[in-house]
Amino acid sequence: MAVLLWRFLINSFLVVTLGSYRAMSLIANFTLNALNLPLNTLIYAQYTRLKPFVTAYAVAYAAWIASLGTEESSTLSVTNSFKLLGNTWIILWDNQIQIVYNTKSTVYKALMKNRRKPYQKGSQEDKLINLKAFAVLLTGVAGLSAVLADVNAKIVILQDLVDNHATVKSATKTASAGVENSRVIVGQQLYGVLGQLMDIYNATPGSIGAFFNLTAIRRLEQTIWNRAIKAATTAYIFTRTLLGTDKLKLVNLNLATLRFAFVATKNGVIGTVYIEVPPLSSVIVDRSAMGNMANTFCVVQNMDGSTKGKYMIVLV
């Protein structure tokens, strides 16, 4: 027979906030505000103890929210640009070269030894290396100065995208690690505060409940949705009753314009009130800006007739 831990030996704050940074924000701030009783020396001591950890968590949480979607958008930008290299740019340059040098000429064979393959196959790193080598070969070739200038311009674009993606990826990883580490620390501090309150109210333990967001602790719900949507369709996301001041981060992760709104039914149609998010961008909005407050069904509409959409919604 399995032996269960005495429930007081389990840090419920860490258990219930695992995978939900918003929950930790709600729980920690509720307790911090409840402890803000300057006239009660014992209670206010717990406020003073907890405040720096909750403040640090707020900073880490904000940084994590800001980073959401940036890595995916950056990845898509890099991927699409390298697709352009293989599907459009190299074809254009090849045709421009052929206007000056036919395919059997020594110059053409030197420039396009393997034709378009080096720019269409292989890793992004290999393609960029091949493109830089292509620019070297073009240097000084009569009649192709315009091609060389365009190639060099595209090299700058691709290199900037690759460098930026590395920076964004690192920043996202740092933000994620930072908020998780801070969540654990705040959870441990809240557990310590609970212990102190149990000592203070040992004769009236029911009084301790007023210092904790029991609703959030008992009933946690999903706070992040990361999904795809077919072209020219409207899709249901979730059902939730929110306050008008509750904030949502809407992230568009693909190349189709998306509209978000709260509607009256699960299969409802988006009307005149909605938030439109352009491709590869994001916005943080109040719930009140997304439709009638009586509406509880959140939906998304893909405005593009041929492009699949991808998005993320986060309850901030």
# chains A, B, ... in the order shown; residues from 1 in each chain; ligands from 1
>>> residues_around(residues="Ala261 of chain A", least_positions_apart="3", cutoff="7 Å", atoms="only C-alpha atoms", output="PyMOL selection string")
chain A and resi 270+274-275+290-291+298-300
>>> atom_distance(atom1="atom CA of Ile208 of chain A", atom2="atom CA of Ile43 of chain A")
11.0 Å
>>> atom_distance(atom1="atom CA of Lys308 of chain A", atom2="atom CA of Ala256 of chain A")
6.9 Å
>>> atom_distance(atom1="atom CA of Gly19 of chain A", atom2="atom CA of Gln46 of chain A")
26.3 Å
>>> residues_around(residues="Ala133 of chain A", least_positions_apart="2", cutoff="12 Å", atoms="only C-alpha atoms", output="number ranges by chain")
A: 110-113, 118-119, 126-131, 135-139, 148, 151-152, 155
>>> select_by_dssp(residues="segment 156-270 of chain A", states="strand (DSSP E or B)", output="ChimeraX atom specification")
/A:224-229,234-239,247-252,258-263
>>> residues_around(residues="Met293 of chain A", least_positions_apart="5", cutoff="9 Å", atoms="only C-alpha atoms", output="list in words")
Thr241, Leu242, Leu243, Gly244, Phe262, Arg287 and Ser288 of chain A
>>> closest_residue(among="A:Ala210, A:Ile99, A:Leu85, A:Ile313", to="Ile65 of chain A", atoms="only C-alpha atoms")
A:Ile313
>>> select_by_dssp(residues="segment 44-155 of chain A", states="helix (DSSP H, G or I)", output="NGL selection string")
:A and (44-67 or 70-100 or 106-111 or 117-120 or 124-138 or 145-155)
>>> write_last_selection(atoms="C-alpha atoms", output="PDB file, in the first residue's frame")
ATOM      1  CA  TYR A  44       3.676  43.202   7.921  1.00  0.00           C
ATOM      2  CA  ALA A  45       6.989  41.428   8.576  1.00  0.00           C
ATOM      3  CA  GLN A  46       5.818  38.735   6.156  1.00  0.00           C
ATOM      4  CA  TYR A  47       4.915  41.404   3.596  1.00  0.00           C
ATOM      5  CA  THR A  48       8.412  42.863   3.845  1.00  0.00           C
ATOM      6  CA  ARG A  49       9.918  39.402   3.487  1.00  0.00           C
ATOM      7  CA  LEU A  50       7.850  38.426   0.438  1.00  0.00           C
ATOM      8  CA  LYS A  51       7.824  41.695  -1.535  1.00  0.00           C
ATOM      9  CA  PRO A  52      11.305  41.552  -3.173  1.00  0.00           C
ATOM     10  CA  PHE A  53      10.663  38.030  -4.452  1.00  0.00           C
ATOM     11  CA  VAL A  54       7.251  38.910  -5.902  1.00  0.00           C
ATOM     12  CA  THR A  55       8.732  42.038  -7.497  1.00  0.00           C
ATOM     13  CA  ALA A  56      11.537  40.011  -9.077  1.00  0.00           C
ATOM     14  CA  TYR A  57       8.994  37.501 -10.342  1.00  0.00           C
ATOM     15  CA  ALA A  58       6.934  40.278 -11.951  1.00  0.00           C
ATOM     16  CA  VAL A  59      10.009  41.433 -13.873  1.00  0.00           C
ATOM     17  CA  ALA A  60      10.862  37.891 -15.010  1.00  0.00           C
ATOM     18  CA  TYR A  61       7.241  37.194 -15.939  1.00  0.00           C
ATOM     19  CA  ALA A  62       7.028  40.382 -18.028  1.00  0.00           C
ATOM     20  CA  ALA A  63      10.244  39.468 -19.851  1.00  0.00           C
ATOM     21  CA  TRP A  64       8.876  36.003 -20.589  1.00  0.00           C
ATOM     22  CA  ILE A  65       5.582  37.420 -21.901  1.00  0.00           C
ATOM     23  CA  ALA A  66       7.495  39.813 -24.164  1.00  0.00           C
ATOM     24  CA  SER A  67       9.583  36.947 -25.563  1.00  0.00           C
ATOM     25  CA  THR A  70       9.505  36.095 -31.090  1.00  0.00           C
ATOM     26  CA  GLU A  71      11.537  32.949 -31.716  1.00  0.00           C
ATOM     27  CA  GLU A  72       8.832  31.381 -33.898  1.00  0.00           C
ATOM     28  CA  SER A  73       8.447  34.580 -35.928  1.00  0.00           C
ATOM     29  CA  SER A  74      12.203  34.888 -36.321  1.00  0.00           C
ATOM     30  CA  THR A  75      12.483  31.259 -37.446  1.00  0.00           C
ATOM     31  CA  LEU A  76       9.744  31.769 -40.032  1.00  0.00           C
ATOM     32  CA  SER A  77      11.412  34.926 -41.389  1.00  0.00           C
ATOM     33  CA  VAL A  78      14.719  33.110 -41.844  1.00  0.00           C
ATOM     34  CA  THR A  79      13.058  30.065 -43.424  1.00  0.00           C
ATOM     35  CA  ASN A  80      11.006  32.134 -45.869  1.00  0.00           C
ATOM     36  CA  SER A  81      14.016  34.223 -46.898  1.00  0.00           C
ATOM     37  CA  PHE A  82      16.087  31.138 -47.688  1.00  0.00           C
ATOM     38  CA  LYS A  83      13.130  29.807 -49.684  1.00  0.00           C
ATOM     39  CA  LEU A  84      13.235  33.035 -51.687  1.00  0.00           C
ATOM     40  CA  LEU A  85      16.920  32.442 -52.320  1.00  0.00           C
ATOM     41  CA  GLY A  86      16.256  29.057 -53.863  1.00  0.00           C
ATOM     42  CA  ASN A  87      12.893  29.704 -55.533  1.00  0.00           C
ATOM     43  CA  THR A  88      13.230  33.279 -56.756  1.00  0.00           C
ATOM     44  CA  TRP A  89      16.550  35.065 -56.317  1.00  0.00           C
ATOM     45  CA  ILE A  90      18.916  32.481 -57.822  1.00  0.00           C
ATOM     46  CA  ILE A  91      16.548  31.937 -60.753  1.00  0.00           C
ATOM     47  CA  LEU A  92      16.510  35.693 -61.437  1.00  0.00           C
ATOM     48  CA  TRP A  93      20.313  35.947 -61.238  1.00  0.00           C
ATOM     49  CA  ASP A  94      20.744  32.875 -63.421  1.00  0.00           C
ATOM     50  CA  ASN A  95      18.519  34.384 -66.112  1.00  0.00           C
ATOM     51  CA  GLN A  96      20.309  37.737 -65.895  1.00  0.00           C
ATOM     52  CA  ILE A  97      23.678  36.049 -66.331  1.00  0.00           C
ATOM     53  CA  GLN A  98      22.413  34.116 -69.351  1.00  0.00           C
ATOM     54  CA  ILE A  99      21.496  37.381 -71.059  1.00  0.00           C
ATOM     55  CA  VAL A 100      25.195  38.286 -71.064  1.00  0.00           C
ATOM     56  CA  THR A 106      33.456  29.545 -69.846  1.00  0.00           C
ATOM     57  CA  VAL A 107      32.244  32.467 -67.715  1.00  0.00           C
ATOM     58  CA  TYR A 108      28.804  30.977 -67.140  1.00  0.00           C
ATOM     59  CA  LYS A 109      30.229  27.564 -66.279  1.00  0.00           C
ATOM     60  CA  ALA A 110      32.605  29.166 -63.778  1.00  0.00           C
ATOM     61  CA  LEU A 111      29.820  31.144 -62.130  1.00  0.00           C
ATOM     62  CA  LYS A 117      21.562  23.421 -56.601  1.00  0.00           C
ATOM     63  CA  PRO A 118      23.952  25.050 -54.034  1.00  0.00           C
ATOM     64  CA  TYR A 119      21.242  27.623 -53.228  1.00  0.00           C
ATOM     65  CA  GLN A 120      18.327  25.189 -53.150  1.00  0.00           C
ATOM     66  CA  GLN A 124      20.934  27.363 -44.431  1.00  0.00           C
ATOM     67  CA  GLU A 125      24.541  27.769 -43.342  1.00  0.00           C
ATOM     68  CA  ASP A 126      25.784  26.011 -46.495  1.00  0.00           C
ATOM     69  CA  LYS A 127      23.514  28.109 -48.701  1.00  0.00           C
ATOM     70  CA  LEU A 128      24.808  31.341 -47.184  1.00  0.00           C
ATOM     71  CA  ILE A 129      28.427  30.210 -47.602  1.00  0.00           C
ATOM     72  CA  ASN A 130      27.741  29.312 -51.241  1.00  0.00           C
ATOM     73  CA  LEU A 131      26.084  32.677 -51.818  1.00  0.00           C
ATOM     74  CA  LYS A 132      29.097  34.531 -50.423  1.00  0.00           C
ATOM     75  CA  ALA A 133      31.370  32.459 -52.687  1.00  0.00           C
ATOM     76  CA  PHE A 134      29.079  33.332 -55.594  1.00  0.00           C
ATOM     77  CA  ALA A 135      29.601  37.035 -54.861  1.00  0.00           C
ATOM     78  CA  VAL A 136      33.358  36.556 -54.962  1.00  0.00           C
ATOM     79  CA  LEU A 137      33.110  34.857 -58.363  1.00  0.00           C
ATOM     80  CA  LEU A 138      30.920  37.686 -59.687  1.00  0.00           C
ATOM     81  CA  SER A 145      27.817  44.526 -61.739  1.00  0.00           C
ATOM     82  CA  ALA A 146      24.069  44.845 -61.135  1.00  0.00           C
ATOM     83  CA  VAL A 147      23.803  41.133 -60.357  1.00  0.00           C
ATOM     84  CA  LEU A 148      26.747  41.411 -57.956  1.00  0.00           C
ATOM     85  CA  ALA A 149      25.155  44.378 -56.178  1.00  0.00           C
ATOM     86  CA  ASP A 150      21.888  42.482 -55.735  1.00  0.00           C
ATOM     87  CA  VAL A 151      23.658  39.362 -54.482  1.00  0.00           C
ATOM     88  CA  ASN A 152      25.609  41.405 -51.924  1.00  0.00           C
ATOM     89  CA  ALA A 153      22.382  43.087 -50.780  1.00  0.00           C
ATOM     90  CA  LYS A 154      20.721  39.707 -50.271  1.00  0.00           C
ATOM     91  CA  ILE A 155      23.754  38.442 -48.347  1.00  0.00           C
TER      92      ILE A 155
END
>>> residues_around(residues="segment 20-24 of chain A", least_positions_apart="5", cutoff="10 Å", atoms="only C-alpha atoms", output="PyMOL selection string")
chain A and resi 13-14+29-30+54+57-58+61+64-65+179-180+182-184+186-187+213+216-217+219-224+314-316
>>> write_last_selection(atoms="N, CA, C and O atoms", output="short mmCIF file (atom, residue, chain, number, x, y, z; two decimals), in the first residue's frame")
data_model
loop_
_atom_site.label_atom_id
_atom_site.label_comp_id
_atom_site.auth_asym_id
_atom_site.auth_seq_id
_atom_site.Cartn_x
_atom_site.Cartn_y
_atom_site.Cartn_z
N PHE A 13 1.93 25.55 -3.59
CA PHE A 13 2.16 26.71 -4.47
C PHE A 13 2.97 26.31 -5.70
O PHE A 13 2.72 26.78 -6.80
N LEU A 14 3.94 25.43 -5.49
CA LEU A 14 4.75 24.96 -6.62
C LEU A 14 3.97 23.95 -7.47
O LEU A 14 4.09 23.94 -8.69
N ASN A 29 0.67 37.84 -5.98
CA ASN A 29 0.24 39.22 -5.79
C ASN A 29 -0.93 39.32 -4.81
O ASN A 29 -1.03 40.28 -4.04
N PHE A 30 -1.81 38.34 -4.83
CA PHE A 30 -2.92 38.32 -3.88
C PHE A 30 -2.38 38.27 -2.45
O PHE A 30 -2.80 39.05 -1.58
N VAL A 54 8.40 38.71 -5.00
CA VAL A 54 7.25 38.91 -5.90
C VAL A 54 7.59 39.96 -6.96
O VAL A 54 7.22 39.83 -8.13
N TYR A 57 9.79 38.39 -9.49
CA TYR A 57 8.99 37.50 -10.34
C TYR A 57 8.23 38.29 -11.39
O TYR A 57 8.14 37.88 -12.56
N ALA A 58 7.69 39.44 -11.01
CA ALA A 58 6.93 40.28 -11.95
C ALA A 58 7.82 40.70 -13.12
O ALA A 58 7.38 40.72 -14.27
N TYR A 61 8.48 37.57 -15.25
CA TYR A 61 7.24 37.19 -15.94
C TYR A 61 6.98 38.11 -17.13
O TYR A 61 6.63 37.65 -18.23
N TRP A 64 9.31 37.24 -19.93
CA TRP A 64 8.88 36.00 -20.59
C TRP A 64 7.70 36.27 -21.52
O TRP A 64 7.68 35.79 -22.66
N ILE A 65 6.73 37.06 -21.06
CA ILE A 65 5.58 37.42 -21.90
C ILE A 65 6.06 38.13 -23.17
O ILE A 65 5.60 37.84 -24.28
N VAL A 179 12.07 33.06 -15.64
CA VAL A 179 10.75 33.07 -15.01
C VAL A 179 10.49 31.76 -14.26
O VAL A 179 9.85 31.75 -13.20
N GLU A 180 11.00 30.64 -14.77
CA GLU A 180 10.82 29.37 -14.08
C GLU A 180 11.60 29.36 -12.76
O GLU A 180 11.08 28.92 -11.72
N SER A 182 12.42 31.95 -11.02
CA SER A 182 11.75 32.90 -10.12
C SER A 182 10.46 32.30 -9.57
O SER A 182 10.10 32.54 -8.41
N ARG A 183 9.75 31.51 -10.39
CA ARG A 183 8.51 30.87 -9.92
C ARG A 183 8.80 29.95 -8.74
O ARG A 183 8.08 29.95 -7.73
N VAL A 184 9.86 29.19 -8.87
CA VAL A 184 10.22 28.26 -7.80
C VAL A 184 10.58 29.02 -6.52
O VAL A 184 10.15 28.65 -5.41
N VAL A 186 9.63 32.08 -5.58
CA VAL A 186 8.43 32.68 -4.98
C VAL A 186 7.57 31.60 -4.32
O VAL A 186 7.01 31.81 -3.24
N GLY A 187 7.46 30.44 -4.96
CA GLY A 187 6.69 29.36 -4.38
C GLY A 187 7.25 28.92 -3.03
O GLY A 187 6.50 28.65 -2.08
N ASN A 213 -5.08 33.31 -2.34
CA ASN A 213 -6.08 33.25 -3.41
C ASN A 213 -6.52 31.80 -3.57
O ASN A 213 -6.02 31.07 -4.42
N ALA A 216 -7.78 30.55 -7.07
CA ALA A 216 -6.73 30.25 -8.05
C ALA A 216 -5.98 28.97 -7.69
O ALA A 216 -5.60 28.20 -8.57
N ILE A 217 -5.78 28.75 -6.41
CA ILE A 217 -5.05 27.56 -5.97
C ILE A 217 -5.86 26.29 -6.24
O ILE A 217 -5.32 25.27 -6.66
N ARG A 219 -8.55 25.99 -8.42
CA ARG A 219 -9.10 25.81 -9.76
C ARG A 219 -8.25 26.55 -10.80
O ARG A 219 -8.47 27.72 -11.08
N LEU A 220 -7.30 25.83 -11.34
CA LEU A 220 -6.44 26.43 -12.36
C LEU A 220 -6.93 26.02 -13.75
O LEU A 220 -7.35 24.89 -13.97
N GLU A 221 -6.84 26.94 -14.70
CA GLU A 221 -7.26 26.67 -16.06
C GLU A 221 -6.13 26.96 -17.03
O GLU A 221 -5.15 27.63 -16.70
N GLN A 222 -6.26 26.47 -18.24
CA GLN A 222 -5.25 26.70 -19.27
C GLN A 222 -5.07 28.19 -19.54
O GLN A 222 -6.03 28.95 -19.57
N THR A 223 -3.83 28.61 -19.73
CA THR A 223 -3.55 30.03 -19.95
C THR A 223 -2.79 30.29 -21.25
O THR A 223 -2.57 31.44 -21.61
N ILE A 224 -2.36 29.24 -21.95
CA ILE A 224 -1.64 29.41 -23.22
C ILE A 224 -2.24 28.48 -24.27
O ILE A 224 -2.45 27.30 -24.01
N VAL A 314 -2.03 34.11 -25.06
CA VAL A 314 -1.61 33.95 -23.67
C VAL A 314 -2.45 34.86 -22.78
O VAL A 314 -2.58 36.06 -23.07
N LEU A 315 -3.05 34.29 -21.75
CA LEU A 315 -3.72 35.12 -20.76
C LEU A 315 -2.64 35.72 -19.85
O LEU A 315 -2.01 35.00 -19.08
N VAL A 316 -2.44 37.01 -19.97
CA VAL A 316 -1.40 37.69 -19.21
C VAL A 316 -1.92 37.99 -17.83
O VAL A 316 -1.23 37.93 -16.86
#
>>> residues_around(residues="Met303 of chain A", least_positions_apart="6", cutoff="8 Å", atoms="only C-alpha atoms", output="list in words")
Ala231, Ala232, Thr233, Ala256, Thr257, Leu258 and Arg259 of chain A
